[in-house]
Amino acid sequence: MQDNYLVTNNNLRNIRLKINGRTFEVTVAPHWTLYQVLKDQLGFTSIKDMCLGHGACGSCTVILDGRPVLSCLTLAVDCDGKTIETVEGIDPKHPVIETFIKHHAFQCGYCTPGFVMTAKALLDRKKNPTIEEIIEALSGNICRCGAYQLILNAVIEATERLAKGNR
Amino acid sequence: MRSLRRFDYFNAKSVEEAASILAKYRGKAWPIAGGTDLLTILRFQPLPEESYPEILVNLKTIEPGIEYIREEDGVLKIGALARLEDIAKNPLVREKYTALAEACSRAASPHLREMGTIGGNICQITRCWYFRKEDNRFYCLRKGPGGKAWALMGDNRYHSIFGCAKLDIPEPCVYGCPNDTNIPLIMKKVKVGNIEEAAEVLLDVNPIPFVTGRVCPHRCEEQCSRNILDEPLAIRAIERFLGDYILENADKMMKPPETSVGKKVAIIGAGPAGLTAAYYLRKLGYEVTIFEREGSAGGVLRYGIPPFRLPKDIVEKIGEIFRDRLGINFKFNTTVGRDTSLKEIMTNFDAVFLAIGAWKEIMMRIPGEELIENGLDFLKKVNTSSLEKIGKKVVVIGGGNVAIDVARVLLRLGAEPTIIYRRTEREMPALKEGVRAAVEEGVKFEFLTQPIRAERKDGKIILTCIKMRLGPPDETGRPAPIPVEGSEFELECDAIIKAVGEVPDLTFIPPEFLDEKGKLKCDETGYVGGNLFAGGDVVTGPATVIEAIAAGRRAAASIDKFLTSRGDPEKKPSVEVRLERVDVSSLKKMARISIPELLPTDRIKSLEVEDILGISFEEATKEAQRCLNCGCVMAHPSDVAPALIVLGANIVTNKRMIPIEKFFTASGLKSTILEPDEMVIEIQVPAPKPGTKSKFMKFALRESIDFPIANCAALVRCKDGVIEDVKVCLNAVAPIPYRATRVEEHVKGKKVDERLIEEAAEKIVEEANPLPYNKYKVSIVKALIKRTVLACIQ
């Protein structure tokens, strides 16, 4: 963590982000969101935006120090020294990715990175969630194509695979 | 996606450090915890421009972190930065403080619960449908003075069902009034026919409403929220009705002071400012003497405004009431500077209020100006019946109120007036109402015309004028008139009257009270120097009667403070939220009362007959029903708040401990009573007594993401099947969390049964005050109460 600082409007800050296991040093302004830095500055284009920054769609979800958070409502300066995971960093053989493909858990695919990150955050922290818990965890993500049942099926199967230790 | 508004950022290491930065930037520094609420505000920027923070003080870096959840000595202590998700999942909270855990688990969406903190949740800025609307740039009541009650008149489906909050921001009409008249309170009293109390409220700020009820330009009506709905409330007509009531009941309404303070105040000038100051000083017990150069009281009311706008018998009555009923001394026909000096008065009295108005006509400095009569002199002659013959064709120079009055008087005297003004109708400083009346009555206008020379020729006067065009704005902000070369023309007339502006005559004022420009040195309290105060047109230049009244009232307060060193009554920001019932019938479209007015052709027949007439008691009370009693009907959206209320939590800040029920307020943009350098540190919840159960339920459109339409927390303790303790609190149904006390009273001490709970829930219907589009919320609330209380006893 950096020392206290008072920045002026044009005073940029250097921060260090650990993204998908790699360390990035970036210069940011205090009012920049994590969304802007990840997507626009560093090119992690998996991060999406549907609700124009209201924090109402879940499609910009990343995992920040283990918690699923909305990158559009997270300040980049707050993430100094923190660990971030995006879809780009997930092993393609990870059950969540495989089951999403298997169940066709999308139509246009725009919401998929958000759902995948939310599901992974749940499964990372909880060994064997119930269906109700899965639904609850995914309830902050919106799929405008209405692929909810397929997404749920995918996450249920991913849960089962992970519970069996079958990766 | 829109970027966030720029700000500076400070990572606080300790609570003290955070507080010191907040104190240093008072109001311009905001604390940030989870940030989900705050960053949305900084992205969509729905607030007035000046309200945003310049710097955010990050509380997440405070060490040791304030994210703990622990129980100590029978009290649950939650750090302000504890995440909602962590509270929701905490086994201890789920077990013993169930309503809180459930509320945290239902707030916003799963992601926002991972980010949002409990401190942030209870401090969030209350947002209503209008507030949250994108591209929402208009001013609603909450956003500051001059805002309108949009939600009352528009789509209010998500708003309060328990009335509106009176904010610490003036209602639109009060904001419009230079004298801060509490119009909504007056209307509330007129509505129910309580004329005497309404008149008293009016008298508290205005001793001559029978005058302003006739001549006030009523900026209150311009501001009235009803302008959006149909037509503004006829405030001036009601004021006139109340004013006339005061005149008729002067023996009851105008009482001399009961005490005397044994001090003497002199007032120079018996115009509206002087009379007002005299009234309030006399009421406070001062011995008041008014020096007046004319033979009668009223100043511009007596000698300036023509009788068809303000009958002179009314002005005569002011003099009588002030002298005979209030015991104010008048010294008429006494010109200060000639019959006595200012210094002498200042020596003989404890304080002096200078309110001589602005009577000196500005010189135009054109050849032949001696042929031109002054407008105010003309009006004075008319008002004292000392006018000799006036010609047929008369040119009136000027575009202000005096010019309009002069022209309208001339019409009534049988002349044919033409007003010439150097700019266009749009730039005329005269009040629109007067201009409209003058046009209706047949006054001719020549715009973009400037006189350059007057000369006498064969018994007539020839006024040579030049046409003007509008150029870039001058120092008054209006386009500067520029002469058009070669456009000179001649006007032949019998007389010319000019009313191009007036200035105060300060020739008798000792130089030490004048600044280098020759103006009175006068601060905003009205203090000049020594024991001299001033106010009204003498300070501001020609203005309106209501502004003079405001100045007189302000001066009376300053003089009282000066002589008694009583000091200002400490104005403490009110933290008590006043929820008032919304009179839903007033929200419908209703035609404005038609104020009886003479036809223009009848008007010009007489100089004395009033052109606008008064209204009756029935008309006044009927019109007052149209007052919306503007208040804010936002809905407080916090899910956590009602749970904390039923659990009887206390909020610990860096300054004090606040019981949760006193924590919330509805005052403009503030949703809590926290001071600018105060922040929530900890939330303490006393452990419920054994046998207590608490529950929380929420109704939202999209279950996981939306703000609540309504939510409900309940706490119940039963013993042997009898309800010993019960608390029910709703939210999202009023500007602050709403405790359902009647429901509680209904079930307390009674034997538990489903019918009883159902009856109790029904009680909420009696209290509810739904708006046109949110009656459905009452049914939802009823069901929520029933289900939540039942869940506590099962």
# chains A, B, ... in the order shown; residues from 1 in each chain; ligands from 1
$ closest_atom_pairs --of "stretch 87-114 of chain A" --to "stretch 133-139 of chain A" --cutoff "12 Å" --atoms "only C-alpha atoms" --output "Markdown table"
| residue | atom | partner | partner_atom | distance |
| --- | --- | --- | --- | --- |
| A:Cys111 | CA | A:Leu138 | CA | 11.6 |
| A:Thr112 | CA | A:Leu138 | CA | 11.5 |
| A:Gly114 | CA | A:Leu138 | CA | 9.5 |
$ select_by_dssp --residues "chain A" --states "strand (DSSP E or B)" --output "PyMOL selection string"
chain A and resi 6+13-19+22-28+33+61-64+67-70+75+83-85
$ residues_around --residues "B:Glu388" --least-positions-apart "4" --cutoff "12 Å" --atoms "only C-alpha atoms" --output "ChimeraX atom specification"
/B:378,381-382,384,413
$ residues_around --residues "A:Pro95" --least-positions-apart "3" --cutoff "8 Å" --atoms "only C-alpha atoms" --output "PyMOL selection string"
chain A and resi 98-99+158+161-162+167
$ write_last_selection --atoms "N, CA and C atoms" --output "tab-separated table (two decimals), in the first residue's frame"
chain	number	residue	atom	x	y	z
A	98	GLU	N	-15.82	-24.98	-19.60
A	98	GLU	CA	-16.25	-26.16	-20.36
A	98	GLU	C	-17.76	-26.35	-20.30
A	99	THR	N	-18.34	-26.16	-19.12
A	99	THR	CA	-19.79	-26.40	-19.02
A	99	THR	C	-20.58	-25.30	-19.72
A	158	ALA	N	-20.89	-27.52	-13.48
A	158	ALA	CA	-19.53	-27.14	-13.06
A	158	ALA	C	-19.35	-27.43	-11.57
A	161	ARG	N	-18.89	-31.14	-11.12
A	161	ARG	CA	-17.56	-31.57	-11.56
A	161	ARG	C	-16.50	-31.18	-10.53
A	162	LEU	N	-16.62	-29.94	-10.02
A	162	LEU	CA	-15.63	-29.49	-9.04
A	162	LEU	C	-15.74	-30.29	-7.75
A	167	ARG	N	-11.55	-32.15	-12.87
A	167	ARG	CA	-11.33	-30.89	-13.57
A	167	ARG	C	-11.18	-31.11	-15.05
$ closest_atom_pairs --of "chain B" --to "chain A" --cutoff "9 Å" --atoms "only C-alpha atoms" --output "JSON lines"
{"residue": "B:Met1", "atom": "CA", "partner": "A:Leu52", "partner_atom": "CA", "distance": 4.8}
{"residue": "B:Arg2", "atom": "CA", "partner": "A:Leu52", "partner_atom": "CA", "distance": 7.1}
{"residue": "B:Ser3", "atom": "CA", "partner": "A:Trp32", "partner_atom": "CA", "distance": 7.5}
{"residue": "B:Leu4", "atom": "CA", "partner": "A:His31", "partner_atom": "CA", "distance": 5.9}
{"residue": "B:Arg5", "atom": "CA", "partner": "A:His31", "partner_atom": "CA", "distance": 6.7}
{"residue": "B:Arg6", "atom": "CA", "partner": "A:His31", "partner_atom": "CA", "distance": 5.4}
{"residue": "B:Phe7", "atom": "CA", "partner": "A:His31", "partner_atom": "CA", "distance": 6.1}
{"residue": "B:Asp8", "atom": "CA", "partner": "A:Val7", "partner_atom": "CA", "distance": 5.5}
{"residue": "B:Tyr9", "atom": "CA", "partner": "A:Leu6", "partner_atom": "CA", "distance": 5.9}
{"residue": "B:Phe10", "atom": "CA", "partner": "A:Leu6", "partner_atom": "CA", "distance": 5.2}
{"residue": "B:Asn11", "atom": "CA", "partner": "A:Asn4", "partner_atom": "CA", "distance": 5.3}
{"residue": "B:Ala12", "atom": "CA", "partner": "A:Asn4", "partner_atom": "CA", "distance": 6.7}
{"residue": "B:Lys13", "atom": "CA", "partner": "A:Asn4", "partner_atom": "CA", "distance": 7.3}
{"residue": "B:Gly34", "atom": "CA", "partner": "A:Thr74", "partner_atom": "CA", "distance": 8.5}
{"residue": "B:Gly35", "atom": "CA", "partner": "A:Leu73", "partner_atom": "CA", "distance": 7.2}
{"residue": "B:Thr36", "atom": "CA", "partner": "A:Leu73", "partner_atom": "CA", "distance": 5.7}
{"residue": "B:Asp37", "atom": "CA", "partner": "A:Leu73", "partner_atom": "CA", "distance": 8.7}
{"residue": "B:Leu39", "atom": "CA", "partner": "A:Leu73", "partner_atom": "CA", "distance": 6.3}
{"residue": "B:Thr40", "atom": "CA", "partner": "A:His54", "partner_atom": "CA", "distance": 6.2}
{"residue": "B:Arg43", "atom": "CA", "partner": "A:Gly53", "partner_atom": "CA", "distance": 7.7}
{"residue": "B:Phe44", "atom": "CA", "partner": "A:His54", "partner_atom": "CA", "distance": 8.6}
{"residue": "B:Ile55", "atom": "CA", "partner": "A:Leu6", "partner_atom": "CA", "distance": 8.7}
{"residue": "B:Asn58", "atom": "CA", "partner": "A:Asp78", "partner_atom": "CA", "distance": 8.6}
{"residue": "B:Lys60", "atom": "CA", "partner": "A:Asp78", "partner_atom": "CA", "distance": 8.5}
{"residue": "B:Thr61", "atom": "CA", "partner": "A:Met1", "partner_atom": "CA", "distance": 8.8}
{"residue": "B:Ala108", "atom": "CA", "partner": "A:Gly140", "partner_atom": "CA", "distance": 8.3}
{"residue": "B:Ser109", "atom": "CA", "partner": "A:Gly140", "partner_atom": "CA", "distance": 4.8}
{"residue": "B:Pro110", "atom": "CA", "partner": "A:Gly140", "partner_atom": "CA", "distance": 5.6}
{"residue": "B:His111", "atom": "CA", "partner": "A:Val69", "partner_atom": "CA", "distance": 5.2}
{"residue": "B:Leu112", "atom": "CA", "partner": "A:Val69", "partner_atom": "CA", "distance": 7.1}
{"residue": "B:Arg113", "atom": "CA", "partner": "A:Val69", "partner_atom": "CA", "distance": 9.0}
{"residue": "B:Glu114", "atom": "CA", "partner": "A:Arg67", "partner_atom": "CA", "distance": 6.6}
{"residue": "B:Met115", "atom": "CA", "partner": "A:Val69", "partner_atom": "CA", "distance": 6.5}
{"residue": "B:Glu703", "atom": "CA", "partner": "A:Ser139", "partner_atom": "CA", "distance": 8.2}
{"residue": "B:Ser704", "atom": "CA", "partner": "A:Ser139", "partner_atom": "CA", "distance": 5.7}
{"residue": "B:Ile705", "atom": "CA", "partner": "A:Gly140", "partner_atom": "CA", "distance": 6.3}
{"residue": "B:Asp706", "atom": "CA", "partner": "A:Ala56", "partner_atom": "CA", "distance": 8.2}
$ residues_around --residues "A:Asn128" --least-positions-apart "6" --cutoff "8 Å" --atoms "only C-alpha atoms" --output "ChimeraX atom specification"
/A:159-160,163
$ write_last_selection --atoms "all heavy atoms" --output "compact mmCIF listing (two decimals), in the first residue's frame"
# COMPACT_ATOMS: atom_id res chain seq x y z
N THR A 159 -20.40 -27.13 -10.80
CA THR A 159 -20.34 -27.40 -9.36
C THR A 159 -20.12 -28.88 -9.10
O THR A 159 -19.28 -29.28 -8.30
CB THR A 159 -21.67 -26.96 -8.70
OG1 THR A 159 -21.93 -25.62 -9.08
CG2 THR A 159 -21.60 -27.06 -7.19
N GLU A 160 -20.92 -29.69 -9.82
CA GLU A 160 -20.80 -31.14 -9.63
C GLU A 160 -19.39 -31.63 -10.00
O GLU A 160 -18.79 -32.41 -9.28
CB GLU A 160 -21.84 -31.87 -10.48
CG GLU A 160 -23.25 -31.73 -9.90
CD GLU A 160 -24.34 -32.05 -10.93
OE1 GLU A 160 -24.01 -32.35 -12.10
OE2 GLU A 160 -25.53 -31.95 -10.55
N ALA A 163 -16.99 -30.63 -7.36
CA ALA A 163 -17.19 -31.37 -6.12
C ALA A 163 -16.54 -32.75 -6.22
O ALA A 163 -16.02 -33.27 -5.26
CB ALA A 163 -18.69 -31.50 -5.83
$ atom_distance --atom1 "atom CA of B:Val728" --atom2 "atom CA of B:Tyr97"
14.6 Å
$ atom_distance --atom1 "atom CA of B:Ile651" --atom2 "atom CA of B:Phe663"
7.6 Å
$ atom_distance --atom1 "atom CA of B:Arg717" --atom2 "atom CA of B:Thr692"
4.3 Å
$ select_by_dssp --residues "stretch 354-491 of chain B" --states "helix (DSSP H, G or I)" --output "MDAnalysis selection string"
chainID B and resid 369:371 375:383 401:412 425:427 432:441
$ closest_residue --among "A:Ile97, A:Cys143, A:Leu123, A:Ile19" --to "A:Tyr110" --atoms "only C-alpha atoms"
A:Cys143
$ decode --residues "stretch 780-794 of chain B" --atoms "all heavy atoms" --output "PDB file, in the first residue's frame"
ATOM      1  N   ILE B 780     -49.102  -3.261  -0.778  1.00  0.00           N
ATOM      2  CA  ILE B 780     -47.854  -4.002  -0.612  1.00  0.00           C
ATOM      3  C   ILE B 780     -47.378  -3.901   0.837  1.00  0.00           C
ATOM      4  O   ILE B 780     -46.989  -4.897   1.458  1.00  0.00           O
ATOM      5  CB  ILE B 780     -46.781  -3.464  -1.582  1.00  0.00           C
ATOM      6  CG1 ILE B 780     -47.165  -3.852  -3.012  1.00  0.00           C
ATOM      7  CG2 ILE B 780     -45.396  -3.999  -1.228  1.00  0.00           C
ATOM      8  CD1 ILE B 780     -46.324  -3.198  -4.068  1.00  0.00           C
ATOM      9  N   VAL B 781     -47.455  -2.700   1.370  1.00  0.00           N
ATOM     10  CA  VAL B 781     -47.005  -2.489   2.734  1.00  0.00           C
ATOM     11  C   VAL B 781     -47.837  -3.324   3.715  1.00  0.00           C
ATOM     12  O   VAL B 781     -47.311  -3.943   4.634  1.00  0.00           O
ATOM     13  CB  VAL B 781     -47.090  -0.977   3.077  1.00  0.00           C
ATOM     14  CG1 VAL B 781     -47.066  -0.760   4.559  1.00  0.00           C
ATOM     15  CG2 VAL B 781     -45.954  -0.223   2.404  1.00  0.00           C
ATOM     16  N   LYS B 782     -49.135  -3.351   3.464  1.00  0.00           N
ATOM     17  CA  LYS B 782     -50.034  -4.115   4.334  1.00  0.00           C
ATOM     18  C   LYS B 782     -49.622  -5.583   4.350  1.00  0.00           C
ATOM     19  O   LYS B 782     -49.484  -6.203   5.408  1.00  0.00           O
ATOM     20  CB  LYS B 782     -51.463  -3.976   3.792  1.00  0.00           C
ATOM     21  CG  LYS B 782     -52.527  -4.023   4.834  1.00  0.00           C
ATOM     22  CD  LYS B 782     -53.842  -3.480   4.278  1.00  0.00           C
ATOM     23  CE  LYS B 782     -54.389  -4.377   3.188  1.00  0.00           C
ATOM     24  NZ  LYS B 782     -55.665  -3.844   2.636  1.00  0.00           N
ATOM     25  N   ALA B 783     -49.394  -6.121   3.154  1.00  0.00           N
ATOM     26  CA  ALA B 783     -49.014  -7.528   3.052  1.00  0.00           C
ATOM     27  C   ALA B 783     -47.653  -7.774   3.694  1.00  0.00           C
ATOM     28  O   ALA B 783     -47.448  -8.774   4.391  1.00  0.00           O
ATOM     29  CB  ALA B 783     -48.994  -7.941   1.589  1.00  0.00           C
ATOM     30  N   LEU B 784     -46.725  -6.823   3.473  1.00  0.00           N
ATOM     31  CA  LEU B 784     -45.380  -6.982   4.039  1.00  0.00           C
ATOM     32  C   LEU B 784     -45.428  -7.007   5.565  1.00  0.00           C
ATOM     33  O   LEU B 784     -44.766  -7.828   6.203  1.00  0.00           O
ATOM     34  CB  LEU B 784     -44.470  -5.831   3.580  1.00  0.00           C
ATOM     35  CG  LEU B 784     -43.732  -5.968   2.256  1.00  0.00           C
ATOM     36  CD1 LEU B 784     -42.955  -4.705   1.966  1.00  0.00           C
ATOM     37  CD2 LEU B 784     -42.795  -7.181   2.269  1.00  0.00           C
ATOM     38  N   ILE B 785     -46.221  -6.095   6.137  1.00  0.00           N
ATOM     39  CA  ILE B 785     -46.306  -6.042   7.603  1.00  0.00           C
ATOM     40  C   ILE B 785     -46.841  -7.360   8.134  1.00  0.00           C
ATOM     41  O   ILE B 785     -46.284  -7.964   9.047  1.00  0.00           O
ATOM     42  CB  ILE B 785     -47.215  -4.872   8.052  1.00  0.00           C
ATOM     43  CG1 ILE B 785     -46.569  -3.524   7.716  1.00  0.00           C
ATOM     44  CG2 ILE B 785     -47.513  -4.955   9.552  1.00  0.00           C
ATOM     45  CD1 ILE B 785     -47.438  -2.330   8.032  1.00  0.00           C
ATOM     46  N   LYS B 786     -47.908  -7.814   7.505  1.00  0.00           N
ATOM     47  CA  LYS B 786     -48.533  -9.047   7.975  1.00  0.00           C
ATOM     48  C   LYS B 786     -47.542 -10.210   7.907  1.00  0.00           C
ATOM     49  O   LYS B 786     -47.337 -10.938   8.876  1.00  0.00           O
ATOM     50  CB  LYS B 786     -49.766  -9.340   7.109  1.00  0.00           C
ATOM     51  CG  LYS B 786     -50.593 -10.498   7.603  1.00  0.00           C
ATOM     52  CD  LYS B 786     -51.745 -10.783   6.658  1.00  0.00           C
ATOM     53  CE  LYS B 786     -52.157 -12.251   6.810  1.00  0.00           C
ATOM     54  NZ  LYS B 786     -53.024 -12.677   5.723  1.00  0.00           N
ATOM     55  N   ARG B 787     -46.888 -10.328   6.767  1.00  0.00           N
ATOM     56  CA  ARG B 787     -45.975 -11.463   6.588  1.00  0.00           C
ATOM     57  C   ARG B 787     -44.761 -11.373   7.509  1.00  0.00           C
ATOM     58  O   ARG B 787     -44.324 -12.379   8.055  1.00  0.00           O
ATOM     59  CB  ARG B 787     -45.485 -11.522   5.143  1.00  0.00           C
ATOM     60  CG  ARG B 787     -46.566 -11.969   4.202  1.00  0.00           C
ATOM     61  CD  ARG B 787     -45.989 -12.178   2.835  1.00  0.00           C
ATOM     62  NE  ARG B 787     -47.056 -12.167   1.841  1.00  0.00           N
ATOM     63  CZ  ARG B 787     -46.843 -12.235   0.545  1.00  0.00           C
ATOM     64  NH1 ARG B 787     -45.593 -12.293   0.085  1.00  0.00           N
ATOM     65  NH2 ARG B 787     -47.842 -12.246  -0.305  1.00  0.00           N
ATOM     66  N   THR B 788     -44.234 -10.177   7.654  1.00  0.00           N
ATOM     67  CA  THR B 788     -43.014 -10.049   8.457  1.00  0.00           C
ATOM     68  C   THR B 788     -43.316 -10.314   9.925  1.00  0.00           C
ATOM     69  O   THR B 788     -42.584 -11.034  10.597  1.00  0.00           O
ATOM     70  CB  THR B 788     -42.410  -8.646   8.287  1.00  0.00           C
ATOM     71  OG1 THR B 788     -42.508  -8.246   6.937  1.00  0.00           O
ATOM     72  CG2 THR B 788     -40.964  -8.619   8.703  1.00  0.00           C
ATOM     73  N   VAL B 789     -44.421  -9.752  10.432  1.00  0.00           N
ATOM     74  CA  VAL B 789     -44.759  -9.969  11.844  1.00  0.00           C
ATOM     75  C   VAL B 789     -45.089 -11.445  12.081  1.00  0.00           C
ATOM     76  O   VAL B 789     -44.634 -12.054  13.049  1.00  0.00           O
ATOM     77  CB  VAL B 789     -45.923  -9.050  12.283  1.00  0.00           C
ATOM     78  CG1 VAL B 789     -46.341  -9.357  13.711  1.00  0.00           C
ATOM     79  CG2 VAL B 789     -45.531  -7.581  12.149  1.00  0.00           C
ATOM     80  N   LEU B 790     -45.845 -12.021  11.143  1.00  0.00           N
ATOM     81  CA  LEU B 790     -46.183 -13.441  11.293  1.00  0.00           C
ATOM     82  C   LEU B 790     -44.925 -14.298  11.305  1.00  0.00           C
ATOM     83  O   LEU B 790     -44.820 -15.248  12.091  1.00  0.00           O
ATOM     84  CB  LEU B 790     -47.104 -13.886  10.165  1.00  0.00           C
ATOM     85  CG  LEU B 790     -48.600 -13.645  10.378  1.00  0.00           C
ATOM     86  CD1 LEU B 790     -49.383 -14.045   9.146  1.00  0.00           C
ATOM     87  CD2 LEU B 790     -49.089 -14.425  11.599  1.00  0.00           C
ATOM     88  N   ALA B 791     -43.960 -13.941  10.449  1.00  0.00           N
ATOM     89  CA  ALA B 791     -42.717 -14.718  10.393  1.00  0.00           C
ATOM     90  C   ALA B 791     -41.982 -14.662  11.725  1.00  0.00           C
ATOM     91  O   ALA B 791     -41.243 -15.578  12.081  1.00  0.00           O
ATOM     92  CB  ALA B 791     -41.832 -14.190   9.276  1.00  0.00           C
ATOM     93  N   CYS B 792     -42.175 -13.582  12.476  1.00  0.00           N
ATOM     94  CA  CYS B 792     -41.501 -13.447  13.771  1.00  0.00           C
ATOM     95  C   CYS B 792     -42.115 -14.331  14.841  1.00  0.00           C
ATOM     96  O   CYS B 792     -41.484 -14.600  15.860  1.00  0.00           O
ATOM     97  CB  CYS B 792     -41.577 -11.998  14.261  1.00  0.00           C
ATOM     98  SG  CYS B 792     -40.544 -10.876  13.352  1.00  0.00           S
ATOM     99  N   ILE B 793     -43.407 -14.689  14.659  1.00  0.00           N
ATOM    100  CA  ILE B 793     -44.040 -15.455  15.740  1.00  0.00           C
ATOM    101  C   ILE B 793     -44.219 -16.919  15.379  1.00  0.00           C
ATOM    102  O   ILE B 793     -44.807 -17.680  16.126  1.00  0.00           O
ATOM    103  CB  ILE B 793     -45.409 -14.835  16.133  1.00  0.00           C
ATOM    104  CG1 ILE B 793     -46.302 -14.683  14.918  1.00  0.00           C
ATOM    105  CG2 ILE B 793     -45.220 -13.517  16.839  1.00  0.00           C
ATOM    106  CD1 ILE B 793     -47.653 -14.083  15.236  1.00  0.00           C
ATOM    107  N   GLN B 794     -43.693 -17.281  14.203  1.00  0.00           N
ATOM    108  CA  GLN B 794     -43.824 -18.692  13.842  1.00  0.00           C
ATOM    109  C   GLN B 794     -42.581 -19.468  14.215  1.00  0.00           C
ATOM    110  O   GLN B 794     -41.513 -18.883  14.359  1.00  0.00           O
ATOM    111  CB  GLN B 794     -44.115 -18.813  12.352  1.00  0.00           C
ATOM    112  CG  GLN B 794     -45.625 -18.789  12.091  1.00  0.00           C
ATOM    113  CD  GLN B 794     -45.954 -18.285  10.703  1.00  0.00           C
ATOM    114  OE1 GLN B 794     -45.083 -18.123   9.876  1.00  0.00           O
ATOM    115  NE2 GLN B 794     -47.228 -18.016  10.477  1.00  0.00           N
TER     116      GLN B 794
END
